[in-house]
Each structure stands twice: as structure tokens, then as C-alpha cells.
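Note: the block below is coords-v3.tsv and it holds TSV, C-alpha atoms.
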chain	number	residue	atom	x	y	z
A	15	MET	CA	268.50	-32.75	147.85
A	16	THR	CA	266.03	-30.81	150.01
A	17	LEU	CA	267.34	-28.38	152.56
A	18	ASN	CA	265.12	-27.68	155.55
A	19	HIS	CA	265.19	-27.16	159.27
A	20	GLU	CA	264.79	-30.84	160.06
A	21	LEU	CA	267.54	-32.12	157.80
A	22	GLY	CA	270.01	-29.35	158.59
A	23	LEU	CA	272.28	-27.61	156.13
A	24	PRO	CA	275.12	-29.17	154.12
A	25	PRO	CA	278.55	-27.89	155.21
A	26	THR	CA	279.01	-25.92	151.97
A	27	VAL	CA	275.85	-23.94	152.73
A	28	ARG	CA	276.46	-23.76	156.46
A	29	ARG	CA	279.80	-22.01	155.94
A	30	LEU	CA	278.09	-19.07	154.23
A	31	PHE	CA	276.32	-18.20	157.49
A	32	GLY	CA	279.63	-17.64	159.26
A	33	ALA	CA	279.24	-17.48	163.03
A	34	ASP	CA	275.41	-17.59	162.92
A	35	PRO	CA	274.52	-19.96	165.81
A	36	HIS	CA	271.15	-20.87	164.26
A	37	PRO	CA	271.70	-21.04	160.48
A	38	GLU	CA	268.73	-23.35	159.88
A	39	GLN	CA	266.36	-20.76	161.36
A	40	SER	CA	267.94	-18.01	159.26
A	41	TRP	CA	267.75	-20.23	156.18
A	42	ALA	CA	264.01	-20.65	156.72
A	43	LEU	CA	263.56	-16.86	156.33
A	44	MET	CA	264.99	-16.86	152.82
A	45	THR	CA	262.76	-17.09	149.75
A	46	VAL	CA	262.67	-20.33	147.77
A	47	GLN	CA	264.33	-18.48	144.88
A	48	ASP	CA	267.24	-17.32	147.03
A	49	GLN	CA	267.63	-20.76	148.59
A	50	ALA	CA	267.84	-22.27	145.11
A	51	PHE	CA	270.51	-19.74	144.15
A	52	VAL	CA	272.61	-20.58	147.20
A	53	ARG	CA	272.26	-24.30	146.54
A	54	GLY	CA	273.43	-23.77	142.98
A	55	VAL	CA	276.46	-21.71	144.00
A	56	THR	CA	277.57	-24.23	146.63
A	57	GLY	CA	276.78	-27.33	144.57
A	58	ALA	CA	274.53	-28.63	147.36
A	59	ASP	CA	272.17	-30.23	144.84
A	60	VAL	CA	274.93	-32.32	143.26
A	61	PRO	CA	275.69	-35.28	145.54
A	62	ASP	CA	279.11	-36.88	145.63
A	63	PRO	CA	278.78	-40.14	143.63
A	64	GLY	CA	281.64	-41.77	145.51
A	65	ARG	CA	284.00	-44.25	143.91
A	66	PRO	CA	282.71	-46.63	141.22
A	67	GLN	CA	281.60	-50.14	142.18
A	68	LEU	CA	283.25	-52.89	140.12
A	69	ASP	CA	280.35	-55.34	140.51
A	70	ALA	CA	277.60	-52.87	139.52
A	71	GLY	CA	275.07	-53.90	136.86
A	72	PRO	CA	274.37	-51.99	133.62
A	73	ASP	CA	271.60	-49.82	135.12
A	74	GLU	CA	273.72	-48.93	138.14
A	75	ARG	CA	276.75	-48.15	135.97
A	76	ARG	CA	274.67	-45.88	133.76
A	77	ARG	CA	273.16	-44.11	136.75
A	78	TYR	CA	276.59	-43.72	138.29
A	79	GLY	CA	278.05	-42.39	135.03
A	80	ILE	CA	275.48	-39.60	134.87
A	81	ALA	CA	276.02	-38.71	138.53
A	82	LEU	CA	279.78	-38.72	137.96
A	83	GLU	CA	279.51	-36.33	135.01
A	84	ASP	CA	277.29	-33.96	136.99
A	85	TRP	CA	279.76	-34.06	139.89
A	86	HIS	CA	282.81	-33.31	137.76
A	87	HIS	CA	281.05	-30.46	135.96
A	88	SER	CA	279.79	-28.81	139.16
A	89	TRP	CA	282.86	-26.77	139.97
A	90	PRO	CA	282.27	-25.04	143.29
A	91	TYR	CA	283.92	-21.79	144.26
A	92	SER	CA	287.52	-22.28	145.36
A	93	ARG	CA	289.10	-19.70	147.64
A	94	THR	CA	292.63	-18.99	146.50
A	95	LEU	CA	295.09	-16.24	147.36
A	96	GLN	CA	293.76	-14.12	144.49
A	97	THR	CA	290.06	-14.54	145.31
A	98	ALA	CA	290.69	-14.12	149.05
A	99	GLU	CA	292.33	-10.75	148.35
A	100	ALA	CA	289.37	-9.81	146.13
A	101	GLU	CA	286.95	-10.70	148.94
A	102	MET	CA	288.93	-8.52	151.35
A	103	GLN	CA	288.74	-5.61	148.91
A	104	TYR	CA	284.98	-6.08	148.66
A	105	ARG	CA	284.60	-6.00	152.44
A	106	THR	CA	286.40	-2.66	152.75
A	107	VAL	CA	283.15	-0.96	151.70
A	108	ARG	CA	280.56	-0.75	154.46
A	109	SER	CA	277.29	-2.65	154.32
A	110	PRO	CA	274.26	-0.71	153.06
A	111	ARG	CA	271.73	0.77	155.46
A	112	PRO	CA	268.76	1.92	153.37
A	113	ARG	CA	266.90	5.06	154.39
A	114	ARG	CA	269.54	5.95	156.99
A	115	THR	CA	271.96	7.85	154.80
A	116	ALA	CA	272.21	9.38	151.36
A	117	ASP	CA	276.01	9.02	151.26
A	118	LEU	CA	277.13	7.31	148.08
A	119	ILE	CA	278.43	3.77	148.49
A	120	PRO	CA	281.14	3.06	145.89
A	121	ILE	CA	280.07	0.73	143.11
A	122	THR	CA	282.19	-2.42	143.25
A	123	LEU	CA	283.34	-3.53	139.80
A	124	ILE	CA	284.85	-7.00	139.42
A	125	THR	CA	286.73	-6.98	136.15
A	126	GLY	CA	289.47	-8.70	134.18
A	127	PRO	CA	289.88	-10.83	131.07
A	128	PRO	CA	287.24	-13.48	130.24
A	129	GLY	CA	287.88	-16.79	131.98
A	130	THR	CA	289.45	-15.46	135.18
A	131	GLY	CA	286.58	-16.44	137.50
A	132	LYS	CA	284.69	-13.15	137.84
A	133	THR	CA	281.24	-14.74	137.71
A	134	LYS	CA	282.09	-17.41	140.28
A	135	LEU	CA	283.47	-14.76	142.62
A	136	MET	CA	280.40	-12.52	142.22
A	137	ARG	CA	277.97	-15.41	142.72
A	138	ARG	CA	279.84	-16.57	145.81
A	139	ILE	CA	279.77	-13.05	147.30
A	140	ALA	CA	276.05	-12.75	146.47
A	141	ALA	CA	275.24	-16.13	148.06
A	142	GLU	CA	277.16	-15.30	151.22
A	143	THR	CA	275.46	-11.90	151.36
A	144	MET	CA	272.03	-13.58	151.14
A	145	CYS	CA	272.87	-15.86	154.07
A	146	GLN	CA	274.32	-13.06	156.19
A	147	ALA	CA	271.26	-10.89	155.46
A	148	ALA	CA	268.99	-13.75	156.57
A	149	TRP	CA	270.92	-13.89	159.87
A	150	GLU	CA	270.34	-10.14	160.33
A	151	ALA	CA	266.64	-10.59	159.59
A	152	ARG	CA	266.38	-13.40	162.16
A	153	ILE	CA	267.83	-11.26	164.95
A	154	GLY	CA	265.81	-8.21	163.95
A	155	ILE	CA	268.55	-5.75	162.99
A	156	SER	CA	267.28	-5.24	159.43
A	157	ALA	CA	264.12	-3.45	158.36
A	158	PRO	CA	260.83	-5.28	159.05
A	159	LEU	CA	258.83	-6.79	156.20
A	160	TYR	CA	256.81	-4.37	154.11
A	161	ASP	CA	253.10	-4.55	154.95
A	162	ASP	CA	250.63	-1.97	153.65
A	163	GLY	CA	247.59	-3.73	155.06
A	164	LEU	CA	246.82	-5.47	151.78
A	165	PHE	CA	249.80	-7.76	151.36
A	166	THR	CA	253.23	-8.52	152.82
A	167	ALA	CA	256.05	-8.37	150.29
A	168	PRO	CA	258.69	-11.09	150.56
A	169	ARG	CA	262.11	-9.93	151.67
A	170	ARG	CA	264.70	-9.87	148.87
A	171	ASP	CA	267.82	-8.35	150.39
A	172	VAL	CA	269.88	-9.38	147.37
A	173	VAL	CA	268.98	-9.21	143.68
A	174	ILE	CA	271.31	-10.64	141.04
A	175	VAL	CA	270.89	-10.61	137.25
A	176	ASP	CA	272.99	-11.66	134.26
A	177	LEU	CA	272.68	-9.38	131.26
A	178	PRO	CA	271.87	-11.53	128.19
A	179	LYS	CA	272.68	-8.89	125.56
A	180	LYS	CA	273.23	-5.19	125.07
A	181	GLN	CA	270.98	-3.25	127.39
A	182	ALA	CA	269.62	0.26	127.68
A	183	GLU	CA	268.66	1.73	131.05
A	184	GLN	CA	264.98	0.75	130.97
A	185	GLN	CA	265.81	-2.79	129.86
A	186	LEU	CA	268.25	-3.18	132.76
A	187	PHE	CA	265.70	-2.06	135.35
A	188	ALA	CA	262.99	-4.16	133.73
A	189	LEU	CA	265.23	-7.21	134.26
A	190	LEU	CA	265.70	-6.25	137.89
A	191	CYS	CA	261.93	-5.88	138.34
A	192	GLN	CA	261.34	-9.29	136.77
A	193	GLN	CA	263.86	-10.86	139.13
A	194	VAL	CA	261.78	-9.89	142.17
A	195	GLY	CA	258.40	-10.25	140.48
A	196	ALA	CA	257.68	-6.52	140.64
A	197	PRO	CA	255.27	-4.95	138.11
A	198	PHE	CA	256.72	-2.30	135.82
A	199	ASP	CA	255.61	-0.01	133.03
A	200	LYS	CA	257.46	2.34	130.71
A	201	ASP	CA	259.38	3.79	133.66
A	202	ALA	CA	261.07	0.61	134.86
A	203	ARG	CA	263.63	2.58	136.89
A	204	ALA	CA	260.90	4.13	139.04
A	205	ALA	CA	259.18	0.75	139.34
A	206	PHE	CA	262.35	-0.86	140.66
A	207	GLY	CA	262.78	2.03	143.07
A	208	ARG	CA	259.41	1.11	144.55
A	209	ALA	CA	260.45	-2.55	144.62
A	210	VAL	CA	263.55	-1.61	146.64
A	211	GLU	CA	261.29	-0.27	149.37
A	212	ARG	CA	258.73	-3.07	149.25
A	213	HIS	CA	261.18	-5.97	149.14
A	214	ARG	CA	263.81	-4.35	151.40
A	215	ILE	CA	266.45	-4.69	148.69
A	216	ARG	CA	269.93	-3.72	149.89
A	217	TRP	CA	272.27	-5.25	147.29
A	218	VAL	CA	272.06	-5.34	143.49
A	219	PHE	CA	274.50	-7.59	141.59
A	220	VAL	CA	274.77	-7.27	137.79
A	221	ASP	CA	276.96	-9.66	135.79
A	222	GLU	CA	278.16	-9.25	132.18
A	223	ILE	CA	278.07	-5.48	132.60
A	224	GLN	CA	280.16	-5.08	129.42
A	225	PHE	CA	276.83	-5.26	127.56
A	226	ILE	CA	276.11	-1.73	128.81
A	227	ASN	CA	277.51	0.94	126.51
A	228	PHE	CA	279.34	3.15	129.00
A	229	ASP	CA	279.68	6.05	126.63
A	230	GLY	CA	277.43	8.80	125.43
A	231	GLN	CA	273.80	9.15	126.43
A	232	ILE	CA	273.07	5.48	127.24
A	233	GLY	CA	275.99	5.35	129.64
A	234	LYS	CA	274.82	8.54	131.33
A	235	TYR	CA	271.31	7.15	131.86
A	236	VAL	CA	272.68	3.94	133.35
A	237	HIS	CA	274.99	5.89	135.66
A	238	ASP	CA	272.07	8.02	136.78
A	239	GLY	CA	270.06	4.87	137.46
A	240	PHE	CA	272.80	3.37	139.62
A	241	LYS	CA	273.18	6.71	141.40
A	242	SER	CA	269.48	6.68	142.27
A	243	LEU	CA	269.95	3.25	143.85
A	244	GLN	CA	272.99	4.44	145.76
A	245	ASN	CA	271.02	7.41	147.08
A	246	MET	CA	268.50	4.91	148.46
A	247	GLY	CA	271.33	3.19	150.34
A	248	VAL	CA	271.57	0.21	147.98
A	249	ARG	CA	274.97	-1.30	147.31
A	250	VAL	CA	275.65	-2.02	143.62
A	251	VAL	CA	278.14	-4.72	142.58
A	252	LEU	CA	279.04	-5.20	138.91
A	253	ALA	CA	281.15	-7.71	136.98
A	254	GLY	CA	282.34	-7.48	133.40
A	255	HIS	CA	285.15	-8.22	130.96
A	256	ASP	CA	288.07	-5.83	130.61
A	257	MET	CA	286.14	-2.81	131.86
A	258	ARG	CA	289.28	-0.69	132.03
A	259	GLN	CA	289.23	-0.64	128.23
A	260	GLN	CA	285.65	0.60	128.24
A	261	LEU	CA	286.65	3.27	130.73
A	262	ALA	CA	289.56	4.46	128.59
A	263	ALA	CA	289.72	8.12	127.58
A	264	GLN	CA	287.03	9.00	125.01
A	265	ARG	CA	287.38	11.36	122.07
A	266	SER	CA	284.12	13.28	122.39
A	267	GLY	CA	283.37	15.57	125.31
A	268	ALA	CA	280.10	13.82	126.20
A	269	ARG	CA	281.69	10.38	126.24
A	270	GLU	CA	284.67	11.60	128.24
A	271	ALA	CA	282.30	13.14	130.80
A	272	ALA	CA	280.50	9.79	131.12
A	273	ARG	CA	283.83	8.01	131.57
A	274	VAL	CA	284.99	10.36	134.30
A	275	GLN	CA	281.61	10.05	136.01
A	276	SER	CA	281.79	6.27	136.14
A	277	GLU	CA	285.48	6.08	137.04
A	278	ALA	CA	284.93	8.33	140.04
A	279	ARG	CA	282.15	6.08	141.41
A	280	TRP	CA	283.62	2.64	140.87
A	281	MET	CA	285.96	0.60	143.06
A	282	LEU	CA	287.72	-1.87	140.78
A	283	ILE	CA	288.56	-5.42	141.86
A	284	GLU	CA	290.69	-6.93	139.11
A	285	LEU	CA	291.18	-10.65	138.52
A	286	GLU	CA	294.01	-11.98	136.39
A	287	PRO	CA	294.93	-15.39	134.99
A	288	TYR	CA	297.03	-17.41	137.41
A	289	ARG	CA	300.73	-16.81	136.82
A	290	ARG	CA	303.41	-19.46	137.12
A	291	SER	CA	306.88	-17.99	137.18
A	292	THR	CA	307.85	-17.08	140.74
A	293	LYS	CA	308.09	-19.55	143.61
A	294	GLY	CA	304.98	-18.08	145.23
A	295	GLU	CA	302.99	-18.27	142.01
A	296	ILE	CA	303.98	-21.90	141.48
A	297	THR	CA	302.89	-22.75	145.03
A	298	GLU	CA	299.54	-21.02	144.54
A	299	TRP	CA	298.97	-22.75	141.18
A	300	ARG	CA	299.66	-26.15	142.72
A	301	LYS	CA	297.30	-25.47	145.62
A	302	LEU	CA	294.57	-24.63	143.13
A	303	LEU	CA	295.13	-27.91	141.28
A	304	GLU	CA	295.16	-29.82	144.58
A	305	ARG	CA	291.68	-28.52	145.36
A	306	ILE	CA	290.48	-29.62	141.93
A	307	GLU	CA	291.95	-33.11	142.11
A	308	GLN	CA	290.26	-33.73	145.44
A	309	ARG	CA	287.03	-33.99	143.42
A	310	ILE	CA	288.30	-36.66	141.03
A	311	ARG	CA	286.23	-39.84	141.32
A	312	LEU	CA	287.94	-42.28	138.96
A	313	ARG	CA	288.87	-45.88	139.66
A	314	GLY	CA	292.35	-45.35	138.24
A	315	HIS	CA	293.27	-42.67	140.78
A	316	GLU	CA	293.57	-43.05	144.52
A	317	PRO	CA	291.61	-40.50	146.59
A	318	GLY	CA	293.58	-37.26	146.71
A	319	GLU	CA	296.27	-38.54	144.35
A	320	ALA	CA	298.50	-35.69	143.14
A	321	VAL	CA	297.90	-36.31	139.47
A	322	LEU	CA	297.05	-32.73	138.46
A	323	SER	CA	299.25	-30.86	140.94
A	324	SER	CA	302.27	-33.07	140.24
A	325	GLU	CA	302.22	-35.10	137.03
A	326	PHE	CA	300.38	-32.51	134.89
A	327	GLU	CA	301.02	-29.31	136.81
A	328	GLU	CA	303.18	-27.62	134.16
A	329	TYR	CA	301.22	-29.13	131.28
A	330	LEU	CA	297.94	-27.66	132.54
A	331	TRP	CA	299.38	-24.17	132.73
A	332	VAL	CA	300.93	-24.38	129.27
A	333	SER	CA	297.57	-25.58	127.89
A	334	THR	CA	295.37	-23.02	129.64
A	335	LEU	CA	297.69	-20.05	130.31
A	336	GLY	CA	296.32	-19.96	133.84
A	337	TYR	CA	292.71	-19.08	132.94
A	338	MET	CA	290.43	-20.72	135.49
A	339	SER	CA	287.55	-21.38	133.09
A	340	HIS	CA	289.93	-23.08	130.65
A	341	VAL	CA	291.30	-25.27	133.45
A	342	SER	CA	287.73	-26.27	134.30
A	343	THR	CA	286.97	-27.14	130.66
A	344	LEU	CA	290.16	-29.14	130.19
A	345	VAL	CA	290.07	-31.10	133.44
A	346	SER	CA	286.34	-31.90	133.45
A	347	GLY	CA	286.53	-32.96	129.81
A	348	ALA	CA	289.53	-35.20	130.49
A	349	ILE	CA	287.82	-36.79	133.48
A	350	ASN	CA	284.72	-37.61	131.45
A	351	VAL	CA	286.82	-39.18	128.69
A	352	ALA	CA	288.90	-41.14	131.22
A	353	ALA	CA	285.72	-42.44	132.88
A	354	ALA	CA	284.89	-44.29	129.65
A	355	THR	CA	288.28	-46.02	129.43
A	356	ALA	CA	289.21	-49.40	130.90
A	357	ASP	CA	291.74	-48.08	133.44
A	358	GLN	CA	289.86	-44.83	134.21
A	359	ARG	CA	293.03	-42.79	134.46
A	360	ILE	CA	293.85	-39.31	133.15
A	361	THR	CA	296.68	-39.46	130.62
A	362	ARG	CA	298.56	-37.00	128.45
A	363	ARG	CA	296.88	-38.47	125.37
A	364	ILE	CA	293.43	-37.79	126.83
A	365	LEU	CA	294.35	-34.26	127.85
A	366	ASP	CA	295.65	-33.54	124.35
A	367	LEU	CA	292.29	-34.58	122.90
A	368	VAL	CA	290.28	-32.07	124.94
A	369	ALA	CA	290.00	-28.58	123.46
A	370	VAL	CA	289.75	-25.46	125.60
A	371	GLU	CA	288.32	-22.01	124.87
A	372	LYS	CA	289.74	-20.14	121.87
A	373	ARG	CA	291.84	-17.72	123.93
A	374	ALA	CA	294.05	-20.58	125.15
A	375	GLN	CA	293.46	-23.07	122.31
A	376	ASP	CA	295.04	-20.74	119.75
A	377	GLY	CA	298.75	-21.52	119.83
A	378	ARG	CA	298.32	-24.36	122.32
A	379	ALA	CA	299.99	-26.96	120.08
A	380	GLN	CA	302.99	-24.69	119.53
A	381	ARG	CA	303.33	-23.96	123.24
A	382	LEU	CA	303.22	-27.66	124.08
A	383	GLN	CA	305.86	-28.36	121.44
A	384	LEU	CA	308.14	-25.80	123.08
A	385	TRP	CA	307.41	-27.29	126.50
A	386	ASP	CA	308.12	-30.84	125.32
A	387	ALA	CA	311.43	-29.59	123.90
A	388	GLY	CA	312.31	-27.85	127.19
A	389	ARG	CA	312.25	-24.40	125.55
A	390	PHE	CA	309.01	-23.01	127.01
A	391	SER	CA	309.32	-19.88	129.17
A	392	PHE	CA	306.80	-19.45	132.00
A	393	ARG	CA	307.97	-15.86	132.45
A	394	GLN	CA	306.91	-14.82	128.96
A	395	ARG	CA	303.62	-12.97	128.61
A	396	TRP	CA	301.71	-15.39	126.41
A	397	ARG	CA	298.53	-14.33	124.60
In C-alpha cells, how does this file's structure come out?
Amino acid sequence: MTLNHELGLPPTVRRLFGADPHPEQSWALMTVQDQAFVRGVTGADVPDPGRPQLDAGPDERRRYGIALEDWHHSWPYSRTLQTAEAEMQYRTVRSPRPRRTADLIPITLITGPPGTGKTKLMRRIAAETMCQAAWEARIGISAPLYDDGLFTAPRRDVVIVDLPKKQAEQQLFALLCQQVGAPFDKDARAAFGRAVERHRIRWVFVDEIQFINFDGQIGKYVHDGFKSLQNMGVRVVLAGHDMRQQLAAQRSGAREAARVQSEARWMLIELEPYRRSTKGEITEWRKLLERIEQRIRLRGHEPGEAVLSSEFEEYLWVSTLGYMSHVSTLVSGAINVAAATADQRITRRILDLVAVEKRAQDGRAQRLQLWDAGRFSFRQRWR
């Protein structure tokens, strides 16, 4: 799918521009790279395959099957009570205004156990920030493009990177330079500082931040690097697994100093697995499953049928312990298996066949046995 001024924007992309009265014009100001990122976050490049046609030929059925698998695996961001509260926390910190102030902007840290949706939340915030920044550029309230008489640097208000492995300070800033196509040498931090000015960078998002050793000398260098960005008016947003553990009290004086330094600068937004014990938690869990089942495109289910939120509501929690990534794995896997059956309907047998991530798979059979026997407690803290 191509997004341009003539075709207009899909609703999922359009919503990220908020009240912008001319989103297509703002969209045109974004780089191709940023447009591709937004399309990926919103699932705009994955068309809805619709319901299967009974009289389709072999080629059409094969084509439809591939489109169906892509559709069921493209899980878009879903705003729930938990993520809505996280978004509100994020918005309590003012937007960056480079070169206008040296006041430190708190570093936002999205944290929690693996599988709770941190990456989806960060990517959604980053995509919305890109669209809002394009609106500001269109109406002229952000800094003009950099032009030194030789070339005009493309605007990159938002830079986002995923750390692939353990990183030292220079490696981190080299990744950031690569993301915007900025040249760098041995001093990658200084090179990215120049890129901030040239590309009008105002936000830096870093995912998988647990790969940074936040203790000792490496941690201090990384903190100093983030501080230099803050002093330039750049807002830094991080996401990582169980960062409270990494920020726990350290034994050595140097490591404890690094911990205190980071803890004082970071505003934590914590995501948890979805709970299912109180009436409110049960309601929220069912709403989440309702959003998921709206995307089911199987012949055996009527559009919007409450198969997940009703028939398998308890089963799905017992199987996944409320971890969003595990729900995604289990449901998408079950849908793909069901699509190959004659009746194309999700069943308990199919769900039992699909494995989830180790955190929830360990002990899953025992939990389901307790649930089948009516002895499972949703109030217990399962691990």
C-alpha cells in the first residue's frame, strides 16, 4: 500500500495526527524512513484479507492463505486501561525545545517483565511523536531545516533504535548516527551531537536498554552521554526488561554512585502482566480479548463473535498468565492452525497444541489441569 497526498491516509495513520486539519500535507514532510516506520507500527501495509471465498480456486486460496497469515500476525497497538495510563504518564513531561533551555528533561523509562508490551508502547509513542512533529513543522513552530549553503539536512525529529546486544557508550551513539545516516569517527557521541543540530533531532528512543551495563564505568559514560543530549534539549525515552533490578543497590561505591545518578534522572513507567482476579481486572481482560477477536477472519466464526472473550477467556489467562506477547503467540498460532482445518474454528484442542514463550509455557499443563478440575486460583501470584 502506498500512502501519499492523493490517496489520503488510512484511518490507523490518520489518528496519529490528532486534530491536525491537514495530515496529508504534514505526512508529506516526513522522510521515507519515518513514513515506513509509522506504516509498520499501524499495520497500514497489511491489508485486511476479508472473509474467505468458498468458490475460490487453488491459486486464490493460496494467495488468501498468505494474506490471512500476515493479517493475523500483524498485531497493531491496542489501547487498554494500562497502556492509556502509561501514555498519560509519558505526557506529563513537557515536549523538548532544543536550544531554548538547558533544563534537564527527565528520561522516561518504560520497564517491566518481558512480554508485557513495552516495545509496542514505545513504538506507538514514537510513531505518534513523528506525526505530531510533522504537524509542527508544517505550521512553522519547529526549527527550520538546517542549511549551511552546501546541503540541506533532512529533518529527523525522532530517532529510534533497538539495541541488538550489549553496548558501550560509543557503540550506542554509533547506532544512533547510523540511524540518521550521519558520519562518525572514534568519537561517536560528538558526531551524534552534531547530527542533533543538523537533523533537528528532538526525541531519542532506545529499546532493549537492558543491554547497557548500568554499573561501574560503562554505566557512567552512558549516563553522561544521555545527559549531554538532555542539555541540548533532547528528550530521551528508554525501554527495557526489569530495570528496577538493574537499579538495585550496588555493593561498590562506584556502582552505587552510578545507580543513584540514573535513578535521579529517570521517570519510570512500569507495565505489568494483565491481572484477572478483581471485577475490574476481569472486565479489562475481556475488553482486550474483544479487540483481538475483532481481527479474526475465519469461516467458522461470525464477524465479532465472542469466542476469545467468552468461550476461552479464562483458558487464555491460565495459559499465558496475562502476558500480552504470549497471548499474541497463542492466538495467532491457533488461528493459523484453525485456518487449515475443514470447519476453520478455534477449539480447545487447537489451543492446547500451540506453545507459548517459556515464561508461561513452564507449568502451563499443571495450571490447566487445576483449572479443568475447578481448583485454579486467579488470585495466586503465578510465576
Determine, using only C-alpha atoms, which residues of region 235-256 of chain A have any atom at most 9 Å from an atom of region 129-136 of chain A, and tabulate each with its shortest atom pair and distance in Å to one decimal place, rows ordered by chain and then rising number, as a Markdown table.
| residue | atom | partner | partner_atom | distance |
| --- | --- | --- | --- | --- |
| A:Val251 | CA | A:Met136 | CA | 8.1 |
| A:Leu252 | CA | A:Met136 | CA | 8.1 |
| A:Ala253 | CA | A:Lys132 | CA | 6.5 |
| A:Gly254 | CA | A:Lys132 | CA | 7.6 |
| A:His255 | CA | A:Lys132 | CA | 8.5 |
(request) For a cut-off of 8 Å around (302.9, -18.8, 137.1), file coordinates, pick out all residues using all atoms listed in the file and list them as JSON, numbers by chain. (result) {"A": [288, 289, 290, 291, 292, 295, 296, 299, 331, 336, 392, 393]}
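Coordinates place CA of Leu303 (chain A) at a distance of 11.1 Å from CA of Glu319 (chain A).
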(message) If we draw a sphere of 8 Å around (267.4, -18.0, 158.8), which residues have at least one atom in it when counting all atoms listed in the file? Please report them as a list in words.
(response) His36, Pro37, Glu38, Gln39, Ser40, Trp41, Ala42, Leu43, Met44, Cys145, Ala148, Trp149, Ala151 and Arg152 of chain A
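Nearest residue to Glu307 (chain A), choosing from A:Glu99, A:Glu325, A:Glu74, A:Asp376 and counting all atoms listed in the file: A:Glu325.
Checking A:Glu327, A:Asp84, A:Gln224, A:Leu243 one by one against Arg208 (chain A), counting all atoms listed in the file, you find the shortest gap at A:Leu243.
Atom pair CA of Thr355 (chain A) / CA of Trp89 (chain A) has a distance of 22.6 Å (rounded to one decimal).
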(message) Please determine, counting only C-alpha atoms, which residue among A:Phe198, A:Tyr160, A:Phe326, A:Tyr235 has the shortest atom-to-atom distance to Arg214 (chain A).
(response)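 Checking each candidate against Arg214 (chain A), we get A:Tyr160 as the closest.
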(request) May I have the residues within 10 Å of Asp62 (chain A) as a PyMOL selection string, using all atoms listed in the file and disregarding those fewer than 4 positions away in the same chain? (result) chain A and resi 57-58+81-82+84-86+309+311
(request) Do a neighbour search on Arg305 (chain A) at 10 Å with only C-alpha atoms, toss out local chain neighbours closer than 5 positions, and write the hits as a PyMOL selection string. (result) chain A and resi 92-94+300+310+318+322-323
(request) Tell me which protein, DNA and RNA residues are within 10 Å of Gln103 (chain A), counting all atoms listed in the file, leaving out same-chain ones fewer than 4 positions away, and put them as a PyMOL selection string. (result) chain A and resi 97-99+107+122+281-283
